[in-house]
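Reading through the structure tokens given below for one structure.
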Amino acid sequence: MTPEQARQVLAVINDPARRAEFENTLAAMSAGLPPAPAPTAAPPAHAAAPAQQLTVQPDSLGSDLVQDTEALRASLIVQAQHFVALFGDLAFVVHWTHTIFADPQSRGILLDAVGRATLILLLALAGEHGLSLLLRKPLRGVTARAIATEKRLNLPDASPAAPDPSTQAAPAADDTGEQAATEAAARQLDMQAQHATLRLLARVPYSLMHMLIKLVPVGLFFGLGTGFAYMLTTTHQAMLVTLTLTNAYVVARVVYLLMETLFVPYSPAIRLCSASDQTAFMVTRWLNFLVAAPSVVVCLSTLGGVFDMPARGTEAIIRSVVLIEHVLVAIFTWRVRRHVASALQPSARLLQQPFWMFVSRLVYLWWVPAMFFNFALWLIWATHIQGGYAWIIRTVILTTAVVILSRLFSVLAYNVQNRLFHISPGMEARYPGLQARVNYYYPVARKILSFLLSFATIILFLQALGLPAINFLFHGRLGQKVMATITSVIVAYTVAVFIWEAANAVLQSQIARFENSSQQGRASRLRTVLPIIKTVLLALIIIIVAVTTLSQIGINVAPLLTGAGIMGAAIAFGAQSLVKDFITGFFMLVENAIQVGDWVTAGGVSGTVEHLSIRTLRLRSVNGDLHIIPFSGVSSIANTSRDYNLVVVDVMIDLSQDTQQLTRILQEELAALRKIPRFTHLILSDFTFLGIEQADGNGARFLGSIRTAPGSKWTVYRQYYSRVAVRMNVEGIKFPVPSYLNLIDNWAGNELKVDAMAKTPPRQGQA
């Protein structure tokens, strides 16, 4: 390194601004270097086998998020190092102090200056305190006059005007009375405002007099401190220290008294600010701390030059003290946040409007930007940021505009959403239940809209702060993927909802069309399989949307789909009966084999169908038992409740009986039965003679049939046979009498005896 290069480096190190710029350049260069590749170790033996698991794609959103997070972490570490470097020169101050005290001459000058300045300040403070005690009586007099004036101005409020007797005697109409009451209230408010203004104007002279009286001791302190600085000091350093401390104290006291004039803690009659005694006391107490720090800054900046402290040391001390001042301001802001918010609340009349309701809620967060800009001011000043204060002004204007415009746009967006989700009466009459379906999705749509509005507000807010948020979203790699992911997910869910609702609407309209066209059977069948169709459609929609969402956020779904396929095959293989139940049940329902209320015979059980599901059939038998039959156990179904039934008339008659007579009896009784209103609609045909099925020694089998309504054959059968039995008995219809062998009267050696009434051989199964 040449001497010239060494001098340049030394100049950069000694100059805080150039040194900070050099550090920023080095940090930016180091952050831009590619990371060193990490050594890859050989995988253990037990981990060599491939495993099916969810993986993050190399070019996915997750990998980009990890990389950008690492870059942000590195940038934050660099900024934190820069922040700590601001106080690195405090070590130099400690070293300089040690050097001053190590030198006897410098130590003597310092101790002499500090000692004489302390003695002079104590004498000046004693004089100020003594004069303050002497001025207590004039202060009490000013306060007493202010209280008297306050009482005199409050007399109109204490004695309201009496009502007019003529007004009480003559009753007025309701609208006239309301108008009069409104006008009276307006006049009362105007009078109160006028009285408040008069009270405030009346307090101003007393407040100024109160402040001037308190400034007199401060003037005495300034005179004593300045005079003693020239008379009682022997060195130039002692005189400068005394004058510096005197001026700093006087400036702090004047600033405090000016602020105290607004918040007089012990004299409410001369208080110019409308605050409670507790608030005024708290504010004035904190003012003592807040005005002390600037005084210390002034003293240190002067003392550093007096004792030849390098600029870097003085700047380090001033930065630390000013930071403490800003911390005190932040604590004070936190303590008065509720009081300020209450004072900033709009009037009750304005709170009825939505915009001012939003403002009333927003003012409770005033302390957040206040604290932010409080520390931002210190950081700009401490780091010598070029254009920092212009940035603050621009940021305040832009952030305020963003908050107001975002609120207005959110109100407009919510109104548009409410109109979109409101179904007109004509549309509701055309599609019954549409409003209820739309209301079901309203909370979710409201949350999505709130998320989008909040997301857009945050982006604009960051852009207003100077961060390239918009450029990051629309031009950055990660931002583009975030926007694409959010858009794809919202579109996928929206399309899924529209498909689901469209399918439900089509199915419901089809059912209504069947019912309106007197196709009750088809409507009932479609209503039966409707839950199955909805379940399958919902499962497909959920799977497609879930796969789309996972793939958009960067998760490799191939292992997931492979695992799901293998698991589905295993479940199907291990649950064959269950799968068979579902498949058979679905086709049973689609083919309209049975419906709820039908009388069927399935699985060897006869009964009424009470419930149908995709897997089981529930039958209620005659004795009241409920039979739950899986569809895999149903090989055939006999449905008695479809189309029509047949009552088969099966009568055994004697071979000598006239069949025409029997046919006539059966036809006449059926005709008489059909004339009964209860059975008119149940009997669909006349009696049909089918012929003689067999004729032998047991007699002849007479067959006939009657067609009845579905499920009505037993009702017709019982009533018809009860009538036919009586008629055949009256007509003397002959029936075959089976013969039998009397085993009691027959024993060995006796003649075979047969029942005299039975001349025909015994029927099969009788003895």
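Quick note on naming: the chains in the structure tokens go A, B, ... in the order shown, residues restart at 1 in each chain, and ligands are numbered from 1 in order of appearance.
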Based on the backbone DSSP call, show me all residues of segment 528-660 of chain A assigned helix (DSSP H, G or I), as a PDB file with C-alpha atoms, in the first residue's frame.
ATOM      1  CA  THR A 528     -83.095 -41.546  -3.865  1.00  0.00           C
ATOM      2  CA  VAL A 529     -79.780 -41.556  -5.734  1.00  0.00           C
ATOM      3  CA  LEU A 530     -79.256 -37.798  -5.250  1.00  0.00           C
ATOM      4  CA  PRO A 531     -77.142 -38.150  -2.055  1.00  0.00           C
ATOM      5  CA  ILE A 532     -74.898 -40.664  -3.815  1.00  0.00           C
ATOM      6  CA  ILE A 533     -74.356 -38.407  -6.819  1.00  0.00           C
ATOM      7  CA  LYS A 534     -73.632 -35.440  -4.524  1.00  0.00           C
ATOM      8  CA  THR A 535     -71.153 -37.433  -2.459  1.00  0.00           C
ATOM      9  CA  VAL A 536     -69.233 -38.658  -5.507  1.00  0.00           C
ATOM     10  CA  LEU A 537     -69.223 -35.190  -7.107  1.00  0.00           C
ATOM     11  CA  LEU A 538     -68.100 -33.529  -3.876  1.00  0.00           C
ATOM     12  CA  ALA A 539     -65.286 -36.048  -3.439  1.00  0.00           C
ATOM     13  CA  LEU A 540     -64.052 -35.440  -6.991  1.00  0.00           C
ATOM     14  CA  ILE A 541     -64.171 -31.652  -6.533  1.00  0.00           C
ATOM     15  CA  ILE A 542     -62.303 -31.813  -3.225  1.00  0.00           C
ATOM     16  CA  ILE A 543     -59.596 -34.069  -4.653  1.00  0.00           C
ATOM     17  CA  ILE A 544     -59.070 -31.884  -7.738  1.00  0.00           C
ATOM     18  CA  VAL A 545     -58.998 -28.639  -5.737  1.00  0.00           C
ATOM     19  CA  ALA A 546     -56.678 -30.108  -3.097  1.00  0.00           C
ATOM     20  CA  VAL A 547     -54.248 -31.425  -5.716  1.00  0.00           C
ATOM     21  CA  THR A 548     -54.332 -28.082  -7.541  1.00  0.00           C
ATOM     22  CA  THR A 549     -53.669 -26.152  -4.322  1.00  0.00           C
ATOM     23  CA  LEU A 550     -50.785 -28.389  -3.248  1.00  0.00           C
ATOM     24  CA  SER A 551     -49.177 -28.239  -6.675  1.00  0.00           C
ATOM     25  CA  GLN A 552     -49.514 -24.438  -6.764  1.00  0.00           C
ATOM     26  CA  ALA A 558     -46.927 -37.365  -7.486  1.00  0.00           C
ATOM     27  CA  PRO A 559     -45.912 -39.392  -4.368  1.00  0.00           C
ATOM     28  CA  LEU A 560     -49.203 -38.400  -2.737  1.00  0.00           C
ATOM     29  CA  LEU A 561     -51.272 -39.618  -5.708  1.00  0.00           C
ATOM     30  CA  THR A 562     -49.226 -42.822  -5.937  1.00  0.00           C
ATOM     31  CA  GLY A 563     -49.726 -43.532  -2.253  1.00  0.00           C
ATOM     32  CA  ALA A 564     -53.430 -42.769  -2.497  1.00  0.00           C
ATOM     33  CA  GLY A 565     -53.771 -45.140  -5.452  1.00  0.00           C
ATOM     34  CA  ILE A 566     -51.984 -47.951  -3.635  1.00  0.00           C
ATOM     35  CA  MET A 567     -54.051 -47.363  -0.497  1.00  0.00           C
ATOM     36  CA  GLY A 568     -57.277 -47.339  -2.535  1.00  0.00           C
ATOM     37  CA  ALA A 569     -56.387 -50.632  -4.207  1.00  0.00           C
ATOM     38  CA  ALA A 570     -55.565 -52.206  -0.833  1.00  0.00           C
ATOM     39  CA  ILE A 571     -58.831 -51.002   0.664  1.00  0.00           C
ATOM     40  CA  ALA A 572     -60.828 -52.259  -2.355  1.00  0.00           C
ATOM     41  CA  PHE A 573     -59.137 -55.671  -2.168  1.00  0.00           C
ATOM     42  CA  GLY A 574     -59.672 -56.029   1.583  1.00  0.00           C
ATOM     43  CA  GLN A 576     -64.749 -56.684  -1.455  1.00  0.00           C
ATOM     44  CA  SER A 577     -68.103 -57.197   0.240  1.00  0.00           C
ATOM     45  CA  LEU A 578     -68.340 -53.541   1.102  1.00  0.00           C
ATOM     46  CA  VAL A 579     -67.484 -52.522  -2.459  1.00  0.00           C
ATOM     47  CA  LYS A 580     -70.026 -55.016  -3.747  1.00  0.00           C
ATOM     48  CA  ASP A 581     -72.635 -53.501  -1.433  1.00  0.00           C
ATOM     49  CA  PHE A 582     -71.989 -50.050  -2.841  1.00  0.00           C
ATOM     50  CA  ILE A 583     -71.940 -51.093  -6.477  1.00  0.00           C
ATOM     51  CA  THR A 584     -75.049 -53.290  -6.208  1.00  0.00           C
ATOM     52  CA  GLY A 585     -76.893 -50.672  -4.204  1.00  0.00           C
ATOM     53  CA  PHE A 586     -76.076 -47.960  -6.718  1.00  0.00           C
ATOM     54  CA  PHE A 587     -77.416 -49.963  -9.652  1.00  0.00           C
ATOM     55  CA  MET A 588     -80.468 -51.064  -7.661  1.00  0.00           C
ATOM     56  CA  LEU A 589     -81.286 -47.432  -7.038  1.00  0.00           C
ATOM     57  CA  VAL A 590     -80.503 -46.307 -10.570  1.00  0.00           C
ATOM     58  CA  PHE A 631     -77.141 -55.379  -0.990  1.00  0.00           C
ATOM     59  CA  SER A 632     -74.401 -57.969  -1.437  1.00  0.00           C
ATOM     60  CA  GLY A 633     -76.805 -60.533   0.085  1.00  0.00           C
ATOM     61  CA  THR A 659    -118.182 -75.355 -12.931  1.00  0.00           C
ATOM     62  CA  GLN A 660    -120.467 -72.875 -14.648  1.00  0.00           C
TER      63      GLN A 660
END
- Message: Considering only strand (DSSP E) as DSSP defines it on the backbone, what residues of segment 574-683 of chain A qualify? List them as a PyMOL selection string.
- Response: chain A and resi 599-602+605-612+616-620+626-630+637-639+645-653
- Nearest to Ile331 of chain A: which of A:Arg407, A:Trp286, A:Leu398, A:Thr244 is it, counting only C-alpha atoms?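 Result for the nearest residue to Ile331 of chain A: A:Trp286.
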- Closest to Asn645 of chain A among A:Pro432, A:Gly711, A:Pro265, A:Gly624, using only C-alpha atoms? A:Gly711
- Task: Fewer than 4 positions away in the same chain doesn't count, so skip those; otherwise give me all residues within 12 Å of Val283 of chain A, counting only C-alpha atoms, as a list in words.
- Result: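 Contacts, in chain order: Tyr256, Met259, Glu260, Thr261, Leu262, Phe263, Val264, Pro265, Cys273, Ala275, Ser276, Asp277, Gln278, Thr279, Leu287, Asn288, Phe289, Leu290, Val329, Ile331, Phe332, Thr333, Arg335, Val336, Arg337, His339 and Val340 of chain A.
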Written selection (N, CA and C atoms) as a PDB file, in the first residue's frame:
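And here is the file that came out, selection.pdb:
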ATOM      1  N   TYR A 256     -40.148  24.351  29.221  1.00  0.00           N
ATOM      2  CA  TYR A 256     -41.063  23.700  30.154  1.00  0.00           C
ATOM      3  C   TYR A 256     -42.205  24.638  30.560  1.00  0.00           C
ATOM      4  N   MET A 259     -44.795  25.009  27.809  1.00  0.00           N
ATOM      5  CA  MET A 259     -45.683  23.851  27.741  1.00  0.00           C
ATOM      6  C   MET A 259     -46.581  23.762  28.966  1.00  0.00           C
ATOM      7  N   GLU A 260     -46.051  24.218  30.117  1.00  0.00           N
ATOM      8  CA  GLU A 260     -46.858  24.147  31.339  1.00  0.00           C
ATOM      9  C   GLU A 260     -48.036  25.106  31.282  1.00  0.00           C
ATOM     10  N   THR A 261     -47.904  26.159  30.478  1.00  0.00           N
ATOM     11  CA  THR A 261     -49.007  27.107  30.353  1.00  0.00           C
ATOM     12  C   THR A 261     -50.255  26.432  29.793  1.00  0.00           C
ATOM     13  N   LEU A 262     -50.073  25.443  28.927  1.00  0.00           N
ATOM     14  CA  LEU A 262     -51.221  24.705  28.395  1.00  0.00           C
ATOM     15  C   LEU A 262     -51.783  23.717  29.410  1.00  0.00           C
ATOM     16  N   PHE A 263     -50.901  23.065  30.201  1.00  0.00           N
ATOM     17  CA  PHE A 263     -51.330  22.053  31.171  1.00  0.00           C
ATOM     18  C   PHE A 263     -50.897  22.516  32.569  1.00  0.00           C
ATOM     19  N   VAL A 264     -51.624  23.439  33.145  1.00  0.00           N
ATOM     20  CA  VAL A 264     -51.298  23.887  34.500  1.00  0.00           C
ATOM     21  C   VAL A 264     -51.858  22.867  35.476  1.00  0.00           C
ATOM     22  N   PRO A 265     -51.016  22.112  36.184  1.00  0.00           N
ATOM     23  CA  PRO A 265     -51.547  20.995  36.975  1.00  0.00           C
ATOM     24  C   PRO A 265     -52.308  21.425  38.224  1.00  0.00           C
ATOM     25  N   CYS A 273     -55.711  24.147  28.056  1.00  0.00           N
ATOM     26  CA  CYS A 273     -56.059  22.878  27.398  1.00  0.00           C
ATOM     27  C   CYS A 273     -57.123  22.172  28.216  1.00  0.00           C
ATOM     28  N   ALA A 275     -58.143  19.386  29.721  1.00  0.00           N
ATOM     29  CA  ALA A 275     -57.664  18.087  30.189  1.00  0.00           C
ATOM     30  C   ALA A 275     -57.955  17.981  31.676  1.00  0.00           C
ATOM     31  N   SER A 276     -58.036  16.749  32.150  1.00  0.00           N
ATOM     32  CA  SER A 276     -58.289  16.516  33.568  1.00  0.00           C
ATOM     33  C   SER A 276     -57.036  16.831  34.383  1.00  0.00           C
ATOM     34  N   ASP A 277     -57.227  16.940  35.712  1.00  0.00           N
ATOM     35  CA  ASP A 277     -56.087  17.233  36.585  1.00  0.00           C
ATOM     36  C   ASP A 277     -55.051  16.117  36.524  1.00  0.00           C
ATOM     37  N   GLN A 278     -55.526  14.867  36.456  1.00  0.00           N
ATOM     38  CA  GLN A 278     -54.590  13.738  36.398  1.00  0.00           C
ATOM     39  C   GLN A 278     -53.765  13.770  35.119  1.00  0.00           C
ATOM     40  N   THR A 279     -54.429  14.058  33.995  1.00  0.00           N
ATOM     41  CA  THR A 279     -53.699  14.130  32.721  1.00  0.00           C
ATOM     42  C   THR A 279     -52.712  15.284  32.718  1.00  0.00           C
ATOM     43  N   LEU A 287     -42.810  16.247  30.999  1.00  0.00           N
ATOM     44  CA  LEU A 287     -42.097  17.335  30.331  1.00  0.00           C
ATOM     45  C   LEU A 287     -40.739  17.596  30.969  1.00  0.00           C
ATOM     46  N   ASN A 288     -40.633  17.351  32.269  1.00  0.00           N
ATOM     47  CA  ASN A 288     -39.338  17.535  32.926  1.00  0.00           C
ATOM     48  C   ASN A 288     -38.278  16.626  32.325  1.00  0.00           C
ATOM     49  N   PHE A 289     -38.676  15.383  32.031  1.00  0.00           N
ATOM     50  CA  PHE A 289     -37.710  14.449  31.439  1.00  0.00           C
ATOM     51  C   PHE A 289     -37.449  14.785  29.971  1.00  0.00           C
ATOM     52  N   LEU A 290     -38.491  15.206  29.273  1.00  0.00           N
ATOM     53  CA  LEU A 290     -38.342  15.417  27.835  1.00  0.00           C
ATOM     54  C   LEU A 290     -37.503  16.648  27.505  1.00  0.00           C
ATOM     55  N   VAL A 329     -39.729   9.763  24.679  1.00  0.00           N
ATOM     56  CA  VAL A 329     -40.893  10.210  23.904  1.00  0.00           C
ATOM     57  C   VAL A 329     -41.816   9.032  23.581  1.00  0.00           C
ATOM     58  N   ILE A 331     -42.147   6.270  25.361  1.00  0.00           N
ATOM     59  CA  ILE A 331     -42.846   5.896  26.603  1.00  0.00           C
ATOM     60  C   ILE A 331     -43.966   6.888  26.906  1.00  0.00           C
ATOM     61  N   PHE A 332     -43.692   8.165  26.715  1.00  0.00           N
ATOM     62  CA  PHE A 332     -44.716   9.181  26.935  1.00  0.00           C
ATOM     63  C   PHE A 332     -45.890   9.007  25.965  1.00  0.00           C
ATOM     64  N   THR A 333     -45.576   8.687  24.721  1.00  0.00           N
ATOM     65  CA  THR A 333     -46.641   8.429  23.733  1.00  0.00           C
ATOM     66  C   THR A 333     -47.509   7.265  24.157  1.00  0.00           C
ATOM     67  N   ARG A 335     -48.034   6.257  27.215  1.00  0.00           N
ATOM     68  CA  ARG A 335     -48.813   6.598  28.402  1.00  0.00           C
ATOM     69  C   ARG A 335     -50.032   7.457  28.063  1.00  0.00           C
ATOM     70  N   VAL A 336     -49.921   8.314  27.057  1.00  0.00           N
ATOM     71  CA  VAL A 336     -51.026   9.243  26.755  1.00  0.00           C
ATOM     72  C   VAL A 336     -51.832   8.799  25.546  1.00  0.00           C
ATOM     73  N   ARG A 337     -51.655   7.546  25.095  1.00  0.00           N
ATOM     74  CA  ARG A 337     -52.318   7.112  23.862  1.00  0.00           C
ATOM     75  C   ARG A 337     -53.835   7.160  24.009  1.00  0.00           C
ATOM     76  N   HIS A 339     -55.635   8.976  26.208  1.00  0.00           N
ATOM     77  CA  HIS A 339     -56.107  10.348  26.401  1.00  0.00           C
ATOM     78  C   HIS A 339     -56.166  11.087  25.066  1.00  0.00           C
ATOM     79  N   VAL A 340     -55.144  10.911  24.239  1.00  0.00           N
ATOM     80  CA  VAL A 340     -55.141  11.571  22.935  1.00  0.00           C
ATOM     81  C   VAL A 340     -56.246  11.007  22.046  1.00  0.00           C
TER      82      VAL A 340
END
- Query: In Å, how far is it from atom CA of Ala413 of chain A to atom CA of Leu478 of chain A?
  - Reply: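 Atom-to-atom, atom CA of Ala413 of chain A and atom CA of Leu478 of chain A are spaced 27.8 Å apart.
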- Query: To one decimal place, how far is atom CA of Asp658 of chain A from atom CA of Pro736 of chain A in Å?
  - Reply: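 Separation of atom CA of Asp658 of chain A and atom CA of Pro736 of chain A: 13.2 Å.
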- Task: Give the answer as one residue: which of A:Tyr206, A:Pro677, A:Leu670, A:Phe735 has the shortest atom-to-atom distance to Ser722 of chain A, using only C-alpha atoms?
- Result: A:Leu670
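When the distance limit is 12 Å and only C-alpha atoms are what count, the residues near Gln657 of chain A, minus those fewer than 2 positions from it on the same chain, are Val651, Met652, Ile653, Asp654, Leu655, Thr659, Gln660, Gln661, Leu662, Thr663, Ala695, Gly699, Ala700, Arg701, Phe702, Met728, Glu731, Gly732, Ile733, Lys734, Phe735 and Pro736 of chain A.
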Could you write out the selected residues, including N, CA and C atoms, as an mmCIF file, in the first residue's frame?
data_model
loop_
_atom_site.group_PDB
_atom_site.id
_atom_site.type_symbol
_atom_site.label_atom_id
_atom_site.label_comp_id
_atom_site.auth_asym_id
_atom_site.auth_seq_id
_atom_site.Cartn_x
_atom_site.Cartn_y
_atom_site.Cartn_z
ATOM 1 N N VAL A 651 -109.705 -73.141 -5.974
ATOM 2 C CA VAL A 651 -110.758 -73.827 -5.218
ATOM 3 C C VAL A 651 -110.800 -75.297 -5.629
ATOM 4 N N MET A 652 -110.819 -76.204 -4.650
ATOM 5 C CA MET A 652 -110.986 -77.647 -4.903
ATOM 6 C C MET A 652 -112.485 -77.983 -4.788
ATOM 7 N N ILE A 653 -113.085 -78.485 -5.874
ATOM 8 C CA ILE A 653 -114.516 -78.816 -5.891
ATOM 9 C C ILE A 653 -114.678 -80.306 -6.197
ATOM 10 N N ASP A 654 -115.871 -80.758 -5.924
ATOM 11 C CA ASP A 654 -116.176 -82.155 -6.205
ATOM 12 C C ASP A 654 -116.265 -82.357 -7.721
ATOM 13 N N LEU A 655 -115.945 -83.585 -8.153
ATOM 14 C CA LEU A 655 -115.951 -83.868 -9.583
ATOM 15 C C LEU A 655 -117.353 -83.740 -10.186
ATOM 16 N N THR A 659 -119.154 -76.460 -12.929
ATOM 17 C CA THR A 659 -118.182 -75.355 -12.931
ATOM 18 C C THR A 659 -118.809 -74.049 -13.375
ATOM 19 N N GLN A 660 -119.828 -74.116 -14.210
ATOM 20 C CA GLN A 660 -120.467 -72.875 -14.648
ATOM 21 C C GLN A 660 -121.177 -72.179 -13.491
ATOM 22 N N GLN A 661 -121.790 -72.998 -12.629
ATOM 23 C CA GLN A 661 -122.432 -72.409 -11.446
ATOM 24 C C GLN A 661 -121.394 -71.715 -10.561
ATOM 25 N N LEU A 662 -120.268 -72.388 -10.369
ATOM 26 C CA LEU A 662 -119.219 -71.791 -9.524
ATOM 27 C C LEU A 662 -118.654 -70.528 -10.170
ATOM 28 N N THR A 663 -118.496 -70.541 -11.479
ATOM 29 C CA THR A 663 -117.984 -69.352 -12.172
ATOM 30 C C THR A 663 -118.953 -68.196 -12.036
ATOM 31 N N ALA A 695 -107.790 -82.977 -12.154
ATOM 32 C CA ALA A 695 -109.000 -83.714 -11.757
ATOM 33 C C ALA A 695 -108.582 -85.139 -11.425
ATOM 34 N N GLY A 699 -110.650 -84.652 -6.247
ATOM 35 C CA GLY A 699 -111.529 -83.611 -6.717
ATOM 36 C C GLY A 699 -110.888 -82.858 -7.877
ATOM 37 N N ALA A 700 -111.542 -81.763 -8.242
ATOM 38 C CA ALA A 700 -111.063 -80.939 -9.360
ATOM 39 C C ALA A 700 -110.589 -79.582 -8.816
ATOM 40 N N ARG A 701 -109.439 -79.068 -9.349
ATOM 41 C CA ARG A 701 -108.883 -77.760 -8.927
ATOM 42 C C ARG A 701 -109.375 -76.695 -9.893
ATOM 43 N N PHE A 702 -110.176 -75.778 -9.357
ATOM 44 C CA PHE A 702 -110.766 -74.693 -10.124
ATOM 45 C C PHE A 702 -109.871 -73.457 -9.966
ATOM 46 N N MET A 728 -121.106 -69.627 -1.498
ATOM 47 C CA MET A 728 -120.984 -71.039 -1.891
ATOM 48 C C MET A 728 -121.680 -71.951 -0.899
ATOM 49 N N GLU A 731 -125.375 -71.666 -1.882
ATOM 50 C CA GLU A 731 -125.660 -72.316 -3.148
ATOM 51 C C GLU A 731 -125.424 -73.819 -3.099
ATOM 52 N N GLY A 732 -124.831 -74.315 -2.047
ATOM 53 C CA GLY A 732 -124.598 -75.752 -1.909
ATOM 54 C C GLY A 732 -123.501 -76.273 -2.804
ATOM 55 N N ILE A 733 -122.467 -75.556 -2.950
ATOM 56 C CA ILE A 733 -121.331 -76.007 -3.749
ATOM 57 C C ILE A 733 -120.706 -77.194 -3.051
ATOM 58 N N LYS A 734 -120.439 -78.238 -3.841
ATOM 59 C CA LYS A 734 -119.892 -79.473 -3.286
ATOM 60 C C LYS A 734 -118.361 -79.430 -3.337
ATOM 61 N N PHE A 735 -117.796 -79.828 -2.226
ATOM 62 C CA PHE A 735 -116.343 -79.903 -2.123
ATOM 63 C C PHE A 735 -115.948 -81.351 -1.875
ATOM 64 N N PRO A 736 -114.810 -81.793 -2.326
ATOM 65 C CA PRO A 736 -114.393 -83.184 -2.098
ATOM 66 C C PRO A 736 -114.098 -83.421 -0.618
#
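For Ser712 of chain A, the non-local neighbours within 12 Å, defined as residues at least 3 positions apart in the same chain or in other chains and counting only C-alpha atoms, are Asp598, Trp599, Thr640, Ser641, Arg642, Asp643, Tyr644, Asn645, Leu646, Val647, Arg678, Phe679, Thr680, His681, Leu682, Ile683, Leu684, Ile706, Arg707, Thr708, Ala709, Thr715, Val716, Tyr717, Arg718 and Gln719 of chain A.
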